[in-house]
Amino acid sequence: MKNKTLPSSQRRRKWLISIAAVIVALAVLFPFALEYYLEKKLPSLISSKTPYTVKLADFKLNLFKGNISILKVDISTKNPSDKNITQINGNAEKIEITDLGIVAAAFKKSYKADKVFLTNSDITMRIAAPAKEEKKERKPLDLHVNSLEIKNVSANVSDSKGKPVFKGKNIHINIQDIKQSESSSKIPLAFSKINIDASDVKIGINEFYEIDADKISTDNKILTLNAFRLKPLQDPSQYNAKNVFDFAAEQFVARDFNVSQDSLIVSQVSFLKPDLKVMSTGKNIVEKNKNPKEVEMKIGMKNISFQNGKIAVIQANKEKTASVDNFNFKLSDIVFDKNTVKEKIPFRFTNHDIEAENIYFKTDPLQAIKVSKITSKNADITVDDFKMIALGKSAVKDVFSVSTKQLKILKNTSKFNGQKLSLNFAGIEIIQPEIEIISAVKKPQAKSKKNTVPEFLAQVGYINIINGKIKQSSNSKEKLSVGKFDIKLKTVKADANTLMGSLPFTTASHYVKAEKVNLDAGKYYSLKADEIVNSGKKTDITNIQYLPKYSRQAFSKVIAKETDLYTLKAKKISISDRATSFGKDGIIDIEKIFIDGLNCNIYHDLAPPDDIAVRYLFSKKLRDMKMPMFVKNVVLKNSELVYEEDADNSNIPGKILFNNFNADISNVNNGKIKGRPTVISTNAEFDFYDNAHTNVTWKFDVLDRVDKFTIKGNIQKLSAENVNLFVRPYLNVTLDGNIDYLKFDYYGDSQGIAGRFYFKYNDMYVNLLNKKGKERKLLTTLANWFVKNESTGEPDHVVIEKKREPERSFFSMLWQGIMEGLKKYVI
């Protein structure tokens, strides 16, 4: 009988084919079985495996196409009181996902789909409280959705404390080509097209701020937010920051915006009626890390405008310290990128147009600033009706009251170069400024500061101050006033070097004019000038007056010791400067001082107690000056000098009068500028008592420590009547007769004066007086027996030597030398 059993190889092949057929059948049937299973069992699986109850009217899954469709979804949380899980309650009419990579989503956590669609949904979610243990930082999702569409959705998502994370009604969203960035330094989501409509929107930024909007809508790349607000959620005292911000706008519109992973570009942005409130917390927070992080994105906006806005800054004590009632602000372009973020101003902008009205700013408890209007057109800035207001007075700090009709800054191209501010203006114009300074009575000693120079550079083409006024007062008394002043500066520059100097800037040229200048020059004097003009190296002063505040009688009562009382007036003073500078290394270096029409009156009353302090000669006084000084030439023209001394027990004061005084003084110095002459020489000519022509030559060397000097004088045709004006008070005598001349040729030093004295006269007669000024006839007759009443020919000289009284001035010593010569001739 023949064996019909198949060979083993054939059986094995048949077995393998059967297995393959089963596998193929399973592979074909499994998706359908899985779909059928999930459609029937998914709600029960979710309910059993999660803390939520889910109901589905219909569920369809196509594993091959990656399509998911869910109809009428209801979800609720089983235990609403459990705060450790996220509470979810809501429903949706339809959810569709097409072309989802299910395998990649399940095993690779890569979520890629063609479209996600959600309609007619209402969901409320409260996020679970965060776990106490810190979780490792999660990697960003691999997310790409070609299209996301949401229709008629209402959502209310809050955090574990009940604060809004996101809330909105009637939400409609259509987003195309969604991508998530892998870098935290880039924009987290990017898309090619977006349309959003929603109402009653709240977005929680963090526990301190949220964003609200009555309505959000987009139409053809136009984003509109109505009743937009960045809203603080807590009392300012709870914030760990210097300031808290509350920003609202009636409408925000962004047109033609494009978002990618690397950039956010917007063609036009506008805010209608923006309202910014800045509330100070009173805390001084120091940022630990001031270095900006590297960013890899670019934000660019064009045509930015703020319309009819206002600003208020409120301190922790609820006091308003700054405000703007109405402002309009336009920017043509603004850019923020990885380069600008490192700057002090983290963005760049080009043309701008600004208008702001009714600006108030309180700089400190004693000062505030008010501005009627600021207008900035591109590079030009105009400030109208600027006022700095004094809010009170201080015993230790100067307070200012400043107003100006208009201030203009032209062609402003200022910017930050790295961390250095570079100010650059074509010009600055200040019109009709009025400045009042209320000086402190006692200023605290300035604390020593390190010489830190700010990173600062400034260049201004010109500065013009037009028709200004200045007033300074202290203790309700005026110390300084300028009725009108004008200043013109050209090519003004400031940098690290100039800021260290006494004048923090340099100028190529300048012009300063001040009119009706009044200065409180100390306890006893005031200084006045009709006009002061300085143009570079030339200064002209017109009608200057140095006047005493007291009458002669009143002055003698207020001084503690004998002191000269000066009254000085000059028609004009002109100063030609050479290289004068002030400050730490200051120097007085003047080519010429010209004084025209000087009227100098010196009054000395001997009634007050003697001043026994040592009076040094001019050479020593100049030597002791700390600031180096050299004046090549001092010229006096058409001047008059009067010296009056009210001697004890005299009926009339002694008087010396110099009319038509002209002098030429060379090399006025203190010997501290090397290479300059140190010998000061004075050549003067004048009419002594109106008609006695006089010449005087005076010389001394500043560096001579013994203070040696020489002085020569020649007085022609001096009347006895005039001589009596200074002889009578001191010698109690009067002279009658004619004097041809009086000459002296003296030398001396700080110890005294000596030399030759010449006196030519005729018909001389001496009258001796008593203390009451009446003639003592008997003594007069006897005295004239011993007086030669005439000198003939060239008279012999007499030699005088007079020891100096240290408490008397140089001119007192000279005067005593002349009196000594007269006594030898007359008595």
# chains A, B, ... in the order shown; residues from 1 in each chain; ligands from 1
>>> select_by_dssp(residues="stretch 543-610 of chain A", states="helix (DSSP H, G or I)", output="MDAnalysis selection string")
chainID A and resid 552:558
>>> write_last_selection(atoms="C-alpha atoms", output="PDB file, in the first residue's frame")
ATOM      1  CA  ARG A 552      29.912 156.085  57.418  1.00  0.00           C
ATOM      2  CA  GLN A 553      28.456 156.614  60.876  1.00  0.00           C
ATOM      3  CA  ALA A 554      26.594 153.276  60.825  1.00  0.00           C
ATOM      4  CA  PHE A 555      29.649 151.447  59.488  1.00  0.00           C
ATOM      5  CA  SER A 556      31.824 152.740  62.355  1.00  0.00           C
ATOM      6  CA  LYS A 557      29.277 151.301  64.796  1.00  0.00           C
ATOM      7  CA  VAL A 558      29.088 147.793  63.306  1.00  0.00           C
TER       8      VAL A 558
END
>>> residues_around(residues="stretch 379-395 of chain A", least_positions_apart="5", cutoff="8 Å", atoms="only C-alpha atoms", output="PyMOL selection string")
chain A and resi 351-352+365-374+400-413+438+440-443
>>> write_last_selection(atoms="N, CA, C and O atoms", output="short mmCIF file (atom, residue, chain, number, x, y, z; two decimals), in the first residue's frame")
data_model
loop_
_atom_site.label_atom_id
_atom_site.label_comp_id
_atom_site.auth_asym_id
_atom_site.auth_seq_id
_atom_site.Cartn_x
_atom_site.Cartn_y
_atom_site.Cartn_z
N ASN A 351 13.05 106.99 13.37
CA ASN A 351 12.27 108.23 13.47
C ASN A 351 11.17 108.12 14.51
O ASN A 351 10.58 107.05 14.70
N HIS A 352 10.88 109.23 15.17
CA HIS A 352 9.84 109.23 16.18
C HIS A 352 9.10 110.57 16.19
O HIS A 352 9.60 111.57 15.70
N PRO A 365 11.64 115.64 47.77
CA PRO A 365 10.61 116.29 48.59
C PRO A 365 10.53 117.81 48.44
O PRO A 365 9.51 118.40 48.77
N LEU A 366 11.59 118.44 47.91
CA LEU A 366 11.60 119.89 47.82
C LEU A 366 11.48 120.43 46.40
O LEU A 366 11.39 121.63 46.20
N GLN A 367 11.51 119.55 45.40
CA GLN A 367 11.51 120.02 44.01
C GLN A 367 10.54 119.22 43.16
O GLN A 367 10.36 118.01 43.36
N ALA A 368 9.90 119.92 42.24
CA ALA A 368 9.03 119.26 41.27
C ALA A 368 9.17 119.97 39.93
O ALA A 368 9.56 121.15 39.87
N ILE A 369 8.88 119.25 38.86
CA ILE A 369 8.97 119.79 37.51
C ILE A 369 7.60 119.73 36.86
O ILE A 369 6.90 118.71 36.94
N LYS A 370 7.21 120.83 36.22
CA LYS A 370 5.99 120.88 35.44
C LYS A 370 6.32 121.35 34.02
O LYS A 370 7.11 122.27 33.84
N VAL A 371 5.70 120.69 33.05
CA VAL A 371 5.91 121.06 31.65
C VAL A 371 4.54 121.11 30.98
O VAL A 371 3.75 120.17 31.10
N SER A 372 4.27 122.22 30.30
CA SER A 372 2.99 122.34 29.62
C SER A 372 2.90 121.39 28.43
O SER A 372 1.89 120.71 28.25
N LYS A 373 4.01 121.29 27.67
CA LYS A 373 3.96 120.44 26.48
C LYS A 373 5.36 120.08 26.04
O LYS A 373 6.27 120.92 26.07
N ILE A 374 5.54 118.83 25.60
CA ILE A 374 6.78 118.37 24.97
C ILE A 374 6.43 117.83 23.60
O ILE A 374 5.51 117.01 23.45
N PHE A 400 15.55 125.30 44.06
CA PHE A 400 15.51 126.07 42.82
C PHE A 400 14.08 126.29 42.35
O PHE A 400 13.21 125.43 42.51
N SER A 401 13.87 127.46 41.77
CA SER A 401 12.62 127.76 41.08
C SER A 401 13.02 128.24 39.69
O SER A 401 13.64 129.30 39.55
N VAL A 402 12.69 127.43 38.68
CA VAL A 402 13.15 127.71 37.32
C VAL A 402 11.96 127.65 36.37
O VAL A 402 11.09 126.78 36.49
N SER A 403 11.91 128.58 35.46
CA SER A 403 10.89 128.53 34.41
C SER A 403 11.52 129.00 33.11
O SER A 403 12.42 129.84 33.10
N THR A 404 11.04 128.45 32.02
CA THR A 404 11.50 128.89 30.72
C THR A 404 10.34 128.77 29.74
O THR A 404 9.56 127.81 29.79
N LYS A 405 10.21 129.76 28.88
CA LYS A 405 9.10 129.78 27.93
C LYS A 405 9.21 128.62 26.96
O LYS A 405 8.21 127.96 26.65
N GLN A 406 10.42 128.36 26.48
CA GLN A 406 10.58 127.27 25.51
C GLN A 406 12.02 126.77 25.51
O GLN A 406 12.96 127.53 25.70
N LEU A 407 12.16 125.46 25.32
CA LEU A 407 13.47 124.83 25.21
C LEU A 407 13.44 123.95 23.96
O LEU A 407 12.51 123.16 23.77
N LYS A 408 14.45 124.10 23.12
CA LYS A 408 14.52 123.32 21.89
C LYS A 408 15.83 122.53 21.84
O LYS A 408 16.90 123.06 22.12
N ILE A 409 15.71 121.26 21.49
CA ILE A 409 16.87 120.40 21.21
C ILE A 409 16.77 119.99 19.75
O ILE A 409 15.79 119.37 19.34
N LEU A 410 17.77 120.35 18.95
CA LEU A 410 17.70 120.17 17.51
C LEU A 410 18.59 119.03 17.04
O LEU A 410 19.74 118.89 17.49
N LYS A 411 18.04 118.21 16.17
CA LYS A 411 18.77 117.10 15.52
C LYS A 411 19.46 116.21 16.55
O LYS A 411 20.68 116.08 16.59
N ASN A 412 18.65 115.60 17.37
CA ASN A 412 19.14 114.68 18.40
C ASN A 412 19.48 113.34 17.76
O ASN A 412 18.62 112.64 17.24
N THR A 413 20.75 112.98 17.79
CA THR A 413 21.20 111.67 17.29
C THR A 413 21.90 110.90 18.40
O THR A 413 22.84 110.16 18.15
N ILE A 438 17.09 129.51 46.10
CA ILE A 438 16.92 129.78 47.53
C ILE A 438 18.00 128.98 48.24
O ILE A 438 17.90 127.76 48.41
N ALA A 440 20.71 127.40 50.88
CA ALA A 440 20.68 126.86 52.23
C ALA A 440 21.49 127.75 53.16
O ALA A 440 22.49 128.35 52.76
N VAL A 441 21.05 127.82 54.41
CA VAL A 441 21.78 128.61 55.41
C VAL A 441 23.05 127.88 55.81
O VAL A 441 24.13 128.45 55.88
N LYS A 442 22.90 126.58 56.07
CA LYS A 442 24.05 125.76 56.46
C LYS A 442 24.06 124.53 55.57
O LYS A 442 23.12 123.76 55.55
N LYS A 443 25.13 124.36 54.85
CA LYS A 443 25.25 123.20 53.99
C LYS A 443 26.09 122.13 54.68
O LYS A 443 27.15 122.44 55.22
#
>>> atom_distance(atom1="atom CA of A:Val54", atom2="atom CA of A:Val116")
19.9 Å
>>> atom_distance(atom1="atom CA of A:Asn738", atom2="atom CA of A:Ile818")
17.8 Å
>>> residues_around(residues="A:Asn638", least_positions_apart="3", cutoff="8 Å", atoms="only C-alpha atoms", output="list of chain:residue names")
A:Asp596, A:Gly597, A:Leu598, A:Asn660, A:Phe661, A:Asn662
>>> closest_residue(among="A:Ser809, A:Asn467, A:Thr498, A:Asn695", to="A:Thr563", atoms="only C-alpha atoms")
A:Ser809
>>> closest_residue(among="A:Tyr511, A:Phe228, A:Lys320, A:Asp219", to="A:Asp200", atoms="only C-alpha atoms")
A:Phe228
>>> closest_atom_pairs(of="stretch 676-734 of chain A", to="stretch 753-766 of chain A", cutoff="10 Å", atoms="only C-alpha atoms", output="CSV")
residue,atom,partner,partner_atom,distance
A:Lys708,CA,A:Ile753,CA,9.7
A:Phe709,CA,A:Ile753,CA,9.2
A:Thr710,CA,A:Ile753,CA,9.3
A:Ile711,CA,A:Gly755,CA,9.6
A:Lys712,CA,A:Arg756,CA,9.6
A:Gly713,CA,A:Phe757,CA,9.6
A:Asn714,CA,A:Tyr758,CA,9.1
A:Ile715,CA,A:Phe759,CA,9.5
A:Gln716,CA,A:Lys760,CA,9.6
A:Lys717,CA,A:Tyr761,CA,9.2
A:Leu718,CA,A:Tyr761,CA,9.2
A:Ser719,CA,A:Tyr761,CA,9.7
A:Ala720,CA,A:Met764,CA,8.5
A:Val733,CA,A:Val766,CA,6.7
A:Thr734,CA,A:Val766,CA,5.9
>>> write_last_selection(atoms="all heavy atoms", output="mmCIF file, in the first residue's frame")
data_model
loop_
_atom_site.group_PDB
_atom_site.id
_atom_site.type_symbol
_atom_site.label_atom_id
_atom_site.label_comp_id
_atom_site.auth_asym_id
_atom_site.auth_seq_id
_atom_site.Cartn_x
_atom_site.Cartn_y
_atom_site.Cartn_z
ATOM 1 N N LYS A 708 61.323 144.617 49.833
ATOM 2 C CA LYS A 708 61.906 145.913 49.494
ATOM 3 C C LYS A 708 61.080 146.583 48.383
ATOM 4 O O LYS A 708 60.488 145.920 47.552
ATOM 5 C CB LYS A 708 63.345 145.738 49.007
ATOM 6 C CG LYS A 708 64.303 145.275 50.095
ATOM 7 C CD LYS A 708 65.706 145.111 49.514
ATOM 8 C CE LYS A 708 66.676 144.628 50.585
ATOM 9 N NZ LYS A 708 68.028 144.418 50.037
ATOM 10 N N PHE A 709 61.107 147.917 48.393
ATOM 11 C CA PHE A 709 60.388 148.681 47.391
ATOM 12 C C PHE A 709 61.084 150.021 47.191
ATOM 13 O O PHE A 709 61.875 150.479 48.017
ATOM 14 C CB PHE A 709 58.932 148.922 47.815
ATOM 15 C CG PHE A 709 58.798 149.785 49.040
ATOM 16 C CD1 PHE A 709 58.746 151.180 48.944
ATOM 17 C CD2 PHE A 709 58.742 149.222 50.313
ATOM 18 C CE1 PHE A 709 58.627 151.973 50.070
ATOM 19 C CE2 PHE A 709 58.623 150.014 51.446
ATOM 20 C CZ PHE A 709 58.568 151.389 51.335
ATOM 21 N N THR A 710 60.775 150.681 46.085
ATOM 22 C CA THR A 710 61.180 152.073 45.848
ATOM 23 C C THR A 710 59.950 152.818 45.349
ATOM 24 O O THR A 710 59.136 152.264 44.578
ATOM 25 C CB THR A 710 62.294 152.185 44.799
ATOM 26 O OG1 THR A 710 61.841 151.653 43.554
ATOM 27 C CG2 THR A 710 63.539 151.439 45.243
ATOM 28 N N ILE A 711 59.822 154.078 45.763
ATOM 29 C CA ILE A 711 58.700 154.888 45.312
ATOM 30 C C ILE A 711 59.137 156.336 45.212
ATOM 31 O O ILE A 711 59.774 156.867 46.122
ATOM 32 C CB ILE A 711 57.471 154.718 46.233
ATOM 33 C CG1 ILE A 711 56.258 155.448 45.649
ATOM 34 C CG2 ILE A 711 57.754 155.163 47.656
ATOM 35 C CD1 ILE A 711 54.951 155.047 46.284
ATOM 36 N N LYS A 712 58.859 156.942 44.072
ATOM 37 C CA LYS A 712 59.233 158.338 43.829
ATOM 38 C C LYS A 712 57.984 159.122 43.437
ATOM 39 O O LYS A 712 57.115 158.598 42.731
ATOM 40 C CB LYS A 712 60.265 158.445 42.698
ATOM 41 C CG LYS A 712 61.591 157.772 42.992
ATOM 42 C CD LYS A 712 62.532 157.927 41.806
ATOM 43 C CE LYS A 712 63.883 157.258 42.073
ATOM 44 N NZ LYS A 712 64.802 157.405 40.917
ATOM 45 N N GLY A 713 57.940 160.398 43.921
ATOM 46 C CA GLY A 713 56.810 161.250 43.589
ATOM 47 C C GLY A 713 57.217 162.684 43.379
ATOM 48 O O GLY A 713 58.176 163.171 43.998
ATOM 49 N N ASN A 714 56.463 163.384 42.507
ATOM 50 C CA ASN A 714 56.739 164.787 42.214
ATOM 51 C C ASN A 714 55.400 165.505 42.064
ATOM 52 O O ASN A 714 54.635 165.247 41.135
ATOM 53 C CB ASN A 714 57.551 164.908 40.924
ATOM 54 C CG ASN A 714 57.972 166.328 40.623
ATOM 55 O OD1 ASN A 714 57.419 167.289 41.169
ATOM 56 N ND2 ASN A 714 58.939 166.474 39.731
ATOM 57 N N ILE A 715 55.121 166.417 43.027
ATOM 58 C CA ILE A 715 53.865 167.164 43.026
ATOM 59 C C ILE A 715 54.186 168.631 42.701
ATOM 60 O O ILE A 715 54.956 169.274 43.420
ATOM 61 C CB ILE A 715 53.151 167.064 44.381
ATOM 62 C CG1 ILE A 715 52.951 165.597 44.791
ATOM 63 C CG2 ILE A 715 51.813 167.786 44.328
ATOM 64 C CD1 ILE A 715 52.402 165.418 46.188
ATOM 65 N N GLN A 716 53.558 169.149 41.635
ATOM 66 C CA GLN A 716 53.840 170.509 41.173
ATOM 67 C C GLN A 716 52.680 171.452 41.531
ATOM 68 O O GLN A 716 51.511 171.093 41.452
ATOM 69 C CB GLN A 716 54.023 170.519 39.651
ATOM 70 C CG GLN A 716 55.182 169.684 39.164
ATOM 71 C CD GLN A 716 56.526 170.311 39.486
ATOM 72 O OE1 GLN A 716 56.661 171.552 39.538
ATOM 73 N NE2 GLN A 716 57.530 169.467 39.706
ATOM 74 N N LYS A 717 53.074 172.718 41.991
ATOM 75 C CA LYS A 717 52.117 173.792 42.227
ATOM 76 C C LYS A 717 50.989 173.372 43.164
ATOM 77 O O LYS A 717 49.802 173.462 42.845
ATOM 78 C CB LYS A 717 51.514 174.276 40.900
ATOM 79 C CG LYS A 717 52.533 174.779 39.888
ATOM 80 C CD LYS A 717 53.313 175.997 40.417
ATOM 81 C CE LYS A 717 54.319 176.520 39.389
ATOM 82 N NZ LYS A 717 55.084 177.671 39.906
ATOM 83 N N LEU A 718 51.371 172.955 44.332
ATOM 84 C CA LEU A 718 50.399 172.506 45.332
ATOM 85 C C LEU A 718 50.002 173.692 46.203
ATOM 86 O O LEU A 718 50.862 174.370 46.780
ATOM 87 C CB LEU A 718 51.001 171.392 46.198
ATOM 88 C CG LEU A 718 50.144 170.825 47.317
ATOM 89 C CD1 LEU A 718 48.875 170.182 46.759
ATOM 90 C CD2 LEU A 718 50.938 169.811 48.137
ATOM 91 N N SER A 719 48.695 173.969 46.315
ATOM 92 C CA SER A 719 48.245 175.104 47.128
ATOM 93 C C SER A 719 48.279 174.735 48.599
ATOM 94 O O SER A 719 48.043 173.584 48.985
ATOM 95 C CB SER A 719 46.827 175.511 46.714
ATOM 96 O OG SER A 719 45.893 174.530 47.107
ATOM 97 N N ALA A 720 48.600 175.760 49.427
ATOM 98 C CA ALA A 720 48.620 175.542 50.876
ATOM 99 C C ALA A 720 47.241 175.166 51.383
ATOM 100 O O ALA A 720 47.084 174.409 52.349
ATOM 101 C CB ALA A 720 49.126 176.794 51.573
ATOM 102 N N VAL A 733 47.747 172.133 62.589
ATOM 103 C CA VAL A 733 48.311 173.371 62.050
ATOM 104 C C VAL A 733 47.697 173.606 60.673
ATOM 105 O O VAL A 733 47.202 172.675 60.028
ATOM 106 C CB VAL A 733 49.850 173.321 61.913
ATOM 107 C CG1 VAL A 733 50.498 173.089 63.260
ATOM 108 C CG2 VAL A 733 50.273 172.251 60.915
ATOM 109 N N THR A 734 47.745 174.843 60.233
ATOM 110 C CA THR A 734 47.403 175.184 58.856
ATOM 111 C C THR A 734 48.525 176.014 58.287
ATOM 112 O O THR A 734 49.308 176.631 59.030
ATOM 113 C CB THR A 734 46.085 175.976 58.762
ATOM 114 O OG1 THR A 734 46.215 177.189 59.510
ATOM 115 C CG2 THR A 734 44.911 175.159 59.286
#
>>> closest_residue(among="A:Lys632, A:Lys561, A:Lys94, A:Lys488", to="A:Ile593", atoms="only C-alpha atoms")
A:Lys632
>>> closest_residue(among="A:Asp605, A:Asp736, A:Glu640, A:Glu210", to="A:Lys569", atoms="only C-alpha atoms")
A:Glu640
>>> residues_around(residues="A:Ser305", least_positions_apart="3", cutoff="10 Å", atoms="only C-alpha atoms", output="JSON, numbers by chain")
{"A": [252, 253, 268, 269, 270, 271, 272, 302, 308, 328, 329, 330, 331, 332, 352, 353, 354]}
>>> select_by_dssp(residues="stretch 585-662 of chain A", states="strand (DSSP E)", output="VMD selection string")
chain A and resid 588 to 596 599 to 605 629 to 646 654 to 662
